[in-house]
file entry_21.tsv (TSV, C-alpha atoms and all ligand atoms)
chain	number	residue	atom	x	y	z
A	1	MET	CA	6.39	-26.87	-5.22
A	2	SER	CA	3.93	-24.01	-5.40
A	3	LEU	CA	4.21	-23.44	-1.63
A	4	ILE	CA	8.01	-23.15	-1.93
A	5	ARG	CA	7.62	-20.73	-4.85
A	6	ASP	CA	5.17	-18.67	-2.79
A	7	LEU	CA	7.44	-18.65	0.25
A	8	ILE	CA	10.23	-17.19	-1.87
A	9	HIS	CA	8.36	-14.58	-3.86
A	10	ALA	CA	4.59	-14.89	-3.33
A	11	GLY	CA	3.50	-14.23	-6.89
A	12	GLY	CA	6.35	-11.76	-7.48
A	13	THR	CA	5.06	-9.17	-4.99
A	14	GLY	CA	6.03	-10.43	-1.55
A	15	GLY	CA	7.66	-13.51	-0.05
A	16	LEU	CA	11.07	-14.08	1.43
A	17	ASN	CA	12.92	-11.73	-0.97
A	18	TRP	CA	10.60	-8.87	-0.01
A	19	HIS	CA	10.89	-9.53	3.74
A	20	VAL	CA	14.69	-9.71	3.71
A	21	HIS	CA	14.89	-6.48	1.70
A	22	ALA	CA	12.32	-4.77	3.97
A	23	HIS	CA	14.16	-5.85	7.12
A	24	TYR	CA	17.47	-4.38	5.95
A	25	SER	CA	15.83	-1.22	4.60
A	26	ARG	CA	13.97	-0.22	7.77
A	27	GLU	CA	16.11	2.83	8.48
A	28	ARG	CA	16.02	4.17	4.90
A	29	TRP	CA	12.23	3.68	4.78
A	30	GLN	CA	11.58	5.42	8.09
A	31	PRO	CA	10.96	8.90	6.59
A	32	THR	CA	8.25	7.40	4.36
A	33	VAL	CA	6.70	5.61	7.34
A	34	GLN	CA	6.51	9.02	9.06
A	35	LEU	CA	4.72	10.48	6.05
A	36	ILE	CA	2.28	7.54	6.07
A	37	GLU	CA	1.63	8.16	9.77
A	38	GLN	CA	0.95	11.87	9.08
A	39	PHE	CA	-1.48	10.84	6.35
A	40	PHE	CA	-3.35	8.44	8.68
A	41	ALA	CA	-3.59	11.14	11.35
A	42	GLN	CA	-5.98	13.03	8.99
A	43	VAL	CA	-8.22	9.99	8.36
A	44	ASP	CA	-11.46	9.29	10.22
A	45	PRO	CA	-12.12	5.59	9.43
A	46	LYS	CA	-15.70	5.68	10.85
A	47	SER	CA	-15.50	1.98	11.81
A	48	ASP	CA	-13.63	0.01	14.45
A	49	HIS	CA	-13.24	-2.94	12.06
A	50	LEU	CA	-10.50	-2.83	9.43
A	51	LEU	CA	-10.04	-5.05	6.37
A	52	LEU	CA	-6.31	-4.82	5.69
A	53	ILE	CA	-5.45	-5.92	2.15
A	54	GLY	CA	-1.82	-6.80	1.33
A	55	GLY	CA	-0.56	-5.81	4.78
A	56	SER	CA	2.37	-8.25	4.57
A	57	ALA	CA	4.36	-8.04	7.82
A	58	GLY	CA	3.38	-4.39	8.19
A	59	TRP	CA	6.94	-3.24	7.58
A	60	MET	CA	5.72	0.28	6.80
A	61	MET	CA	2.59	0.20	8.90
A	62	PRO	CA	2.49	2.78	11.72
A	63	PRO	CA	1.23	0.99	14.89
A	64	SER	CA	-0.85	4.09	15.74
A	65	TRP	CA	-3.15	3.33	12.76
A	66	LEU	CA	-3.71	-0.32	13.76
A	67	ALA	CA	-4.45	0.80	17.33
A	68	ARG	CA	-7.55	2.67	16.11
A	69	PHE	CA	-9.46	-0.58	15.49
A	70	LYS	CA	-11.01	-3.27	17.68
A	71	ARG	CA	-10.83	-5.93	15.00
A	72	ILE	CA	-8.56	-6.36	11.97
A	73	ASP	CA	-9.03	-8.94	9.20
A	74	ALA	CA	-5.75	-9.14	7.26
A	75	TYR	CA	-5.64	-10.61	3.73
A	76	ASP	CA	-2.42	-11.56	1.93
A	77	ILE	CA	-1.34	-14.20	-0.57
A	78	ASP	CA	2.08	-14.50	1.05
A	79	PRO	CA	2.33	-17.55	3.36
A	80	LEU	CA	4.87	-15.68	5.53
A	81	ALA	CA	2.71	-12.58	6.06
A	82	HIS	CA	0.69	-14.01	8.94
A	83	TRP	CA	3.74	-15.04	11.01
A	84	LEU	CA	5.81	-11.96	10.35
A	85	PHE	CA	2.90	-9.58	10.95
A	86	ASN	CA	2.31	-11.23	14.32
A	87	TRP	CA	6.02	-11.08	15.12
A	88	ARG	CA	6.15	-7.33	14.36
A	89	HIS	CA	2.75	-6.17	15.63
A	90	GLY	CA	1.02	-9.08	17.37
A	91	ARG	CA	2.13	-8.59	20.95
A	92	ARG	CA	1.27	-4.88	20.99
A	93	LEU	CA	-2.13	-5.48	19.39
A	94	LYS	CA	-2.95	-8.28	21.82
A	95	ALA	CA	-2.01	-6.09	24.79
A	96	GLN	CA	-4.45	-3.49	23.46
A	97	GLY	CA	-7.21	-6.11	23.15
A	98	ILE	CA	-7.31	-5.83	19.34
A	99	GLN	CA	-8.43	-9.03	17.61
A	100	VAL	CA	-6.56	-9.96	14.41
A	101	GLU	CA	-7.65	-12.65	11.93
A	102	HIS	CA	-5.35	-13.62	9.06
A	103	HIS	CA	-6.59	-14.93	5.70
A	104	ARG	CA	-4.29	-16.26	3.03
A	105	LEU	CA	-6.03	-15.49	-0.25
A	106	ASP	CA	-6.14	-13.31	-3.33
A	107	ALA	CA	-8.25	-10.51	-1.90
A	108	LEU	CA	-8.71	-8.73	-5.24
A	109	GLU	CA	-10.19	-11.81	-6.82
A	110	VAL	CA	-12.81	-12.27	-4.09
A	111	LEU	CA	-13.27	-8.65	-3.01
A	112	PRO	CA	-17.08	-8.56	-3.40
A	113	GLU	CA	-17.41	-11.64	-1.13
A	114	ILE	CA	-15.07	-10.12	1.48
A	115	LEU	CA	-17.03	-6.86	1.40
A	116	SER	CA	-20.39	-8.53	1.85
A	117	THR	CA	-19.11	-10.76	4.67
A	118	HIS	CA	-17.92	-7.65	6.56
A	119	ALA	CA	-20.51	-5.07	5.60
A	120	ALA	CA	-19.65	-2.51	8.30
A	121	ALA	CA	-15.85	-2.63	8.04
A	122	CYS	CA	-13.61	-0.05	6.42
A	123	ILE	CA	-10.94	-1.16	3.94
A	124	TRP	CA	-7.27	-0.25	3.54
A	125	PHE	CA	-5.22	-1.39	0.51
A	126	ASP	CA	-1.72	-1.38	1.93
A	127	ASN	CA	0.67	-0.77	-0.96
A	128	VAL	CA	-0.83	-3.63	-2.90
A	129	LEU	CA	-2.66	-2.15	-5.92
A	130	GLY	CA	0.57	-1.10	-7.64
A	131	GLN	CA	1.56	-4.78	-7.66
A	132	HIS	CA	-1.50	-5.88	-9.61
A	133	ARG	CA	0.40	-5.44	-12.88
A	134	TYR	CA	2.97	-8.04	-11.82
A	135	ARG	CA	0.29	-10.66	-11.24
A	136	VAL	CA	-1.90	-9.86	-14.22
A	137	ARG	CA	0.32	-9.27	-17.21
A	138	ASP	CA	-2.34	-7.66	-19.43
A	139	GLU	CA	-1.94	-3.87	-18.96
A	140	ALA	CA	-5.37	-2.90	-20.30
A	141	ARG	CA	-7.03	-5.39	-17.94
A	142	VAL	CA	-4.97	-4.15	-14.96
A	143	GLU	CA	-5.96	-0.52	-15.58
A	144	ARG	CA	-9.59	-1.48	-16.06
A	145	GLU	CA	-9.74	-3.60	-12.89
A	146	LEU	CA	-8.02	-0.96	-10.77
A	147	ALA	CA	-10.28	1.80	-12.07
A	148	GLN	CA	-13.31	-0.41	-11.40
A	149	LEU	CA	-12.49	-0.80	-7.69
A	150	LYS	CA	-14.10	2.52	-6.74
A	151	THR	CA	-17.41	1.22	-8.10
A	152	THR	CA	-17.11	-2.10	-6.23
A	153	LEU	CA	-16.35	-0.06	-3.08
A	154	LYS	CA	-19.19	2.43	-3.48
A	155	GLY	CA	-20.87	3.18	-0.17
A	156	ARG	CA	-17.84	2.03	1.83
A	157	HIS	CA	-15.15	3.89	3.76
A	158	TRP	CA	-11.90	2.87	2.14
A	159	GLY	CA	-8.42	4.03	1.28
A	160	SER	CA	-5.26	2.98	-0.47
A	161	LEU	CA	-1.55	3.60	-0.50
A	162	HIS	CA	-0.01	2.45	-3.76
A	163	ASP	CA	2.90	2.84	-6.15
A	164	VAL	CA	2.32	5.15	-9.06
A	165	TRP	CA	5.80	5.13	-10.57
A	166	SER	CA	9.15	3.62	-9.71
A	167	GLY	CA	12.60	3.78	-11.21
A	168	PRO	CA	16.30	4.59	-10.96
A	169	THR	CA	17.51	7.79	-9.34
A	170	ASP	CA	20.81	9.56	-8.91
A	171	GLY	CA	21.11	8.10	-5.38
A	172	ARG	CA	20.30	11.21	-3.34
A	173	LEU	CA	19.03	10.75	0.21
A	174	LEU	CA	15.77	11.84	1.77
A	175	PRO	CA	16.76	14.89	3.80
A	176	ALA	CA	15.29	16.09	7.06
A	177	GLY	CA	12.31	18.46	6.79
A	178	LEU	CA	10.16	15.78	5.28
A	179	ASN	CA	7.13	17.96	4.71
A	180	VAL	CA	8.75	19.46	1.62
A	181	TRP	CA	8.48	15.98	0.17
A	182	SER	CA	4.80	15.28	0.52
A	183	HIS	CA	2.32	16.89	-1.86
A	184	HIS	CA	-1.42	17.28	-1.37
A	185	VAL	CA	-3.46	17.41	-4.57
A	186	THR	CA	-6.66	15.96	-5.98
A	187	ALA	CA	-6.36	12.70	-7.92
A	188	LYS	CA	-6.97	14.66	-11.14
A	189	GLN	CA	-4.19	17.18	-10.40
A	190	GLY	CA	-1.90	14.21	-9.72
A	191	LEU	CA	-2.27	13.13	-13.36
A	192	ASP	CA	-1.00	16.47	-14.65
A	193	ALA	CA	2.21	16.12	-16.70
A	194	VAL	CA	3.89	19.22	-15.18
A	195	PHE	CA	3.17	17.92	-11.67
A	196	SER	CA	4.60	14.47	-12.55
A	197	GLN	CA	7.74	16.01	-14.02
A	198	LYS	CA	8.24	18.07	-10.87
A	199	LEU	CA	7.97	14.98	-8.65
A	200	LEU	CA	10.35	12.96	-10.83
A	201	ALA	CA	12.92	15.76	-11.00
A	202	SER	CA	12.81	16.22	-7.21
A	203	VAL	CA	14.08	12.68	-6.61
A	204	GLY	CA	16.73	12.78	-9.33
A	205	ALA	CA	14.88	10.34	-11.61
A	206	LYS	CA	16.85	9.00	-14.54
A	207	ASP	CA	16.46	6.44	-17.33
A	208	VAL	CA	13.08	4.73	-17.70
A	209	TRP	CA	10.46	4.74	-14.94
A	210	GLN	CA	7.78	2.11	-14.54
A	211	ASP	CA	4.11	3.13	-14.49
A	212	HIS	CA	2.17	0.98	-12.00
A	213	LEU	CA	-1.16	1.73	-13.79
A	214	THR	CA	-2.80	3.03	-10.61
A	215	GLY	CA	-3.61	6.51	-12.02
A	216	HIS	CA	-7.38	5.94	-11.93
A	217	VAL	CA	-7.80	4.09	-8.61
A	218	PHE	CA	-9.32	7.26	-7.11
A	219	ALA	CA	-12.08	9.42	-8.56
A	220	PRO	CA	-10.77	12.75	-9.96
A	221	THR	CA	-11.91	14.84	-6.96
A	222	THR	CA	-10.45	12.56	-4.23
A	223	PRO	CA	-7.83	14.38	-2.12
A	224	THR	CA	-4.52	12.53	-2.30
A	225	THR	CA	-1.10	12.73	-0.70
A	226	TRP	CA	2.03	11.87	-2.66
A	227	MET	CA	5.14	10.66	-0.90
A	228	PRO	CA	8.53	9.42	-2.04
A	229	TRP	CA	9.87	6.04	-0.98
A	230	ALA	CA	13.58	5.22	-1.25
A	231	PHE	CA	12.91	1.55	-1.95
A	232	LYS	CA	16.63	1.13	-2.68
A	233	ALA	CA	19.26	3.84	-2.31
A	234	ASN	CA	19.11	4.51	-6.05
A	235	TYR	CA	15.70	3.09	-6.95
A	236	TRP	CA	12.73	5.06	-5.68
A	237	HIS	CA	8.97	4.95	-5.86
A	238	TRP	CA	6.38	7.71	-5.79
A	239	LEU	CA	3.44	6.57	-3.66
A	240	GLN	CA	-0.07	7.98	-3.64
A	241	ALA	CA	-2.39	7.73	-0.63
A	242	GLY	CA	-6.04	8.64	-0.37
A	243	TRP	CA	-9.11	8.00	1.73
A	244	VAL	CA	-12.69	7.91	0.47
A	245	SER	CA	-15.62	8.46	2.83
A	246	ALA	CA	-18.91	6.89	1.81
B	1	LIG	C1	4.62	-4.21	-1.25
B	1	LIG	S1	3.96	-5.47	-0.25
B	1	LIG	C2	3.06	-4.57	0.98
B	1	LIG	C3	3.88	-4.17	2.10
B	1	LIG	C4	3.15	-3.79	3.35
B	1	LIG	N1	2.31	-2.63	3.11
B	1	LIG	C5	4.17	-3.52	4.44
B	1	LIG	O1	4.14	-2.42	5.01
B	1	LIG	O2	4.94	-4.42	4.74
B	1	LIG	C6	2.58	-6.08	-1.17
B	1	LIG	C7	1.85	-7.19	-0.46
B	1	LIG	O3	0.62	-7.45	-1.12
B	1	LIG	C8	0.42	-8.85	-1.20
B	1	LIG	N2	-0.50	-9.08	-2.33
B	1	LIG	C9	-0.28	-8.82	-3.65
B	1	LIG	N3	-1.38	-9.08	-4.37
B	1	LIG	C10	-2.34	-9.49	-3.48
B	1	LIG	C11	-3.69	-9.90	-3.62
B	1	LIG	N4	-4.27	-9.91	-4.83
B	1	LIG	N5	-4.37	-10.26	-2.51
B	1	LIG	C12	-3.76	-10.24	-1.29
B	1	LIG	N6	-2.47	-9.85	-1.09
B	1	LIG	C13	-1.77	-9.49	-2.18
B	1	LIG	C14	1.83	-9.41	-1.38
B	1	LIG	O4	1.89	-10.77	-0.99
B	1	LIG	C15	2.63	-8.49	-0.46
B	1	LIG	O5	2.68	-9.01	0.85

call {"tool": "encode", "arguments": {"input": "entry_21.tsv", "output": "structure tokens"}}
result
Amino acid sequence: MSLIRDLIHAGGTGGLNWHVHAHYSRERWQPTVQLIEQFFAQVDPKSDHLLLIGGSAGWMMPPSWLARFKRIDAYDIDPLAHWLFNWRHGRRLKAQGIQVEHHRLDALEVLPEILSTHAAACIWFDNVLGQHRYRVRDEARVERELAQLKTTLKGRHWGSLHDVWSGPTDGRLLPAGLNVWSHHVTAKQGLDAVFSQKLLASVGAKDVWQDHLTGHVFAPTTPTTWMPWAFKANYWHWLQAGWVSA
């Protein structure tokens, strides 16, 4: 029973519903994938071993980032992630001699164990931290646990792409000239109310937007990149990406 529930929605953050939506949204998501690729181009991971947390099938994962590693350990709670990731990326990675190990587990729950098992690896949270609030329903606990991650990760090279807000929009499209859409600020500047209003207005936000409680994942001085994601034609997310060097 629990396996069937997980196949369909994997704790409310992945599963069959997510994969079907992702498959049919590939074209609309492509501009955001390009922004993610531009972000990765600036990162020096300082390790050839990647711990990929919440990578799912890698629907938005630029292959050029994966190709920078010799070994990837991928962690996801979704029973479909392993198969679909291999279907989308496996053949290319194998041809490049990159070794991939899949682990089906709650990586946030056992993060300290994962980190000590792979002491020299860098870590990438792949649009997973903004989902923590759907698995843990206590908002104060979610904020505390997400803010605590930077302490758990001290001394490591790590980064994250995550939802900060999401909500209904007036249905505009992402135009060409994508660079006008990404914003480079420190994590502290990203919390500024005027900055947030500017981002929301630029995507035609309306009604009530959801806060994903990820505002304190990064330390205030961490450089971050903000990018819009047209999750549905009239329901968008603002994503934040950052990389922390030990
Ligand atoms: C929005 S999807 C990520 C999509 C992925 N970045 C892509 O490009 O396809 C979030 C993923 O995180 C996984 N997930 C959520 N909480 C997790 C946890 N605590 N540990 C491991 N995986 C988790 C979900 O199963 C889902 O596959």

call {"tool": "residues_around", "arguments": {"input": "entry_21.tsv", "residues": "A:Gly159", "least_positions_apart": "6", "cutoff": "12 Å", "atoms": "only C-alpha atoms", "output": "PyMOL selection string"}}
result
chain A and resi 39-40+43-45+50-53+122-129+149-150+153+217-219+222-225+240-246

call {"tool": "residues_near_ligand", "arguments": {"input": "entry_21.tsv", "ligand": "ligand LIG 1 (chain B)", "cutoff": "9 Å", "atoms": "all atoms listed in the file", "output": "number ranges by chain"}}
result
A: 6, 9-15, 18-19, 22, 33, 53-62, 74-81, 85, 103-110, 125-132, 134-135, 161-163

call {"tool": "write_last_selection", "arguments": {"input": "entry_21.tsv", "atoms": "C-alpha atoms", "output": "PDB file, in the frame of the given file"}}
result
ATOM      1  CA  ASP A   6       5.170 -18.670  -2.790  1.00  0.00           C
ATOM      2  CA  HIS A   9       8.360 -14.580  -3.860  1.00  0.00           C
ATOM      3  CA  ALA A  10       4.590 -14.890  -3.330  1.00  0.00           C
ATOM      4  CA  GLY A  11       3.500 -14.230  -6.890  1.00  0.00           C
ATOM      5  CA  GLY A  12       6.350 -11.760  -7.480  1.00  0.00           C
ATOM      6  CA  THR A  13       5.060  -9.170  -4.990  1.00  0.00           C
ATOM      7  CA  GLY A  14       6.030 -10.430  -1.550  1.00  0.00           C
ATOM      8  CA  GLY A  15       7.660 -13.510  -0.050  1.00  0.00           C
ATOM      9  CA  TRP A  18      10.600  -8.870  -0.010  1.00  0.00           C
ATOM     10  CA  HIS A  19      10.890  -9.530   3.740  1.00  0.00           C
ATOM     11  CA  ALA A  22      12.320  -4.770   3.970  1.00  0.00           C
ATOM     12  CA  VAL A  33       6.700   5.610   7.340  1.00  0.00           C
ATOM     13  CA  ILE A  53      -5.450  -5.920   2.150  1.00  0.00           C
ATOM     14  CA  GLY A  54      -1.820  -6.800   1.330  1.00  0.00           C
ATOM     15  CA  GLY A  55      -0.560  -5.810   4.780  1.00  0.00           C
ATOM     16  CA  SER A  56       2.370  -8.250   4.570  1.00  0.00           C
ATOM     17  CA  ALA A  57       4.360  -8.040   7.820  1.00  0.00           C
ATOM     18  CA  GLY A  58       3.380  -4.390   8.190  1.00  0.00           C
ATOM     19  CA  TRP A  59       6.940  -3.240   7.580  1.00  0.00           C
ATOM     20  CA  MET A  60       5.720   0.280   6.800  1.00  0.00           C
ATOM     21  CA  MET A  61       2.590   0.200   8.900  1.00  0.00           C
ATOM     22  CA  PRO A  62       2.490   2.780  11.720  1.00  0.00           C
ATOM     23  CA  ALA A  74      -5.750  -9.140   7.260  1.00  0.00           C
ATOM     24  CA  TYR A  75      -5.640 -10.610   3.730  1.00  0.00           C
ATOM     25  CA  ASP A  76      -2.420 -11.560   1.930  1.00  0.00           C
ATOM     26  CA  ILE A  77      -1.340 -14.200  -0.570  1.00  0.00           C
ATOM     27  CA  ASP A  78       2.080 -14.500   1.050  1.00  0.00           C
ATOM     28  CA  PRO A  79       2.330 -17.550   3.360  1.00  0.00           C
ATOM     29  CA  LEU A  80       4.870 -15.680   5.530  1.00  0.00           C
ATOM     30  CA  ALA A  81       2.710 -12.580   6.060  1.00  0.00           C
ATOM     31  CA  PHE A  85       2.900  -9.580  10.950  1.00  0.00           C
ATOM     32  CA  HIS A 103      -6.590 -14.930   5.700  1.00  0.00           C
ATOM     33  CA  ARG A 104      -4.290 -16.260   3.030  1.00  0.00           C
ATOM     34  CA  LEU A 105      -6.030 -15.490  -0.250  1.00  0.00           C
ATOM     35  CA  ASP A 106      -6.140 -13.310  -3.330  1.00  0.00           C
ATOM     36  CA  ALA A 107      -8.250 -10.510  -1.900  1.00  0.00           C
ATOM     37  CA  LEU A 108      -8.710  -8.730  -5.240  1.00  0.00           C
ATOM     38  CA  GLU A 109     -10.190 -11.810  -6.820  1.00  0.00           C
ATOM     39  CA  VAL A 110     -12.810 -12.270  -4.090  1.00  0.00           C
ATOM     40  CA  PHE A 125      -5.220  -1.390   0.510  1.00  0.00           C
ATOM     41  CA  ASP A 126      -1.720  -1.380   1.930  1.00  0.00           C
ATOM     42  CA  ASN A 127       0.670  -0.770  -0.960  1.00  0.00           C
ATOM     43  CA  VAL A 128      -0.830  -3.630  -2.900  1.00  0.00           C
ATOM     44  CA  LEU A 129      -2.660  -2.150  -5.920  1.00  0.00           C
ATOM     45  CA  GLY A 130       0.570  -1.100  -7.640  1.00  0.00           C
ATOM     46  CA  GLN A 131       1.560  -4.780  -7.660  1.00  0.00           C
ATOM     47  CA  HIS A 132      -1.500  -5.880  -9.610  1.00  0.00           C
ATOM     48  CA  TYR A 134       2.970  -8.040 -11.820  1.00  0.00           C
ATOM     49  CA  ARG A 135       0.290 -10.660 -11.240  1.00  0.00           C
ATOM     50  CA  LEU A 161      -1.550   3.600  -0.500  1.00  0.00           C
ATOM     51  CA  HIS A 162      -0.010   2.450  -3.760  1.00  0.00           C
ATOM     52  CA  ASP A 163       2.900   2.840  -6.150  1.00  0.00           C
TER      53      ASP A 163
END

call {"tool": "residues_near_point", "arguments": {"input": "entry_21.tsv", "point": "(-2.9, -1.3, -18.5)", "cutoff": "12 Å", "atoms": "only C-alpha atoms", "output": "MDAnalysis selection string"}}
result
chainID A and resid 130 132:134 136:147 210:216

call {"tool": "atom_distance", "arguments": {"input": "entry_21.tsv", "atom1": "atom CA of A:Trp209", "atom2": "atom CA of A:Pro168"}}
result
7.1 Å

call {"tool": "closest_residue", "arguments": {"input": "entry_21.tsv", "among": "A:His237, A:Gln30, A:Leu115, A:Asp170", "to": "A:Lys154", "atoms": "all atoms listed in the file"}}
result
A:Leu115

call {"tool": "closest_residue", "arguments": {"input": "entry_21.tsv", "among": "A:Ala230, A:Leu199, A:Leu84, A:Ala120", "to": "A:Arg156", "atoms": "all atoms listed in the file"}}
result
A:Ala120

call {"tool": "closest_residue", "arguments": {"input": "entry_21.tsv", "among": "A:Trp29, A:Ser116, A:Gly190, A:Thr221", "to": "A:Thr152", "atoms": "all atoms listed in the file"}}
result
A:Ser116
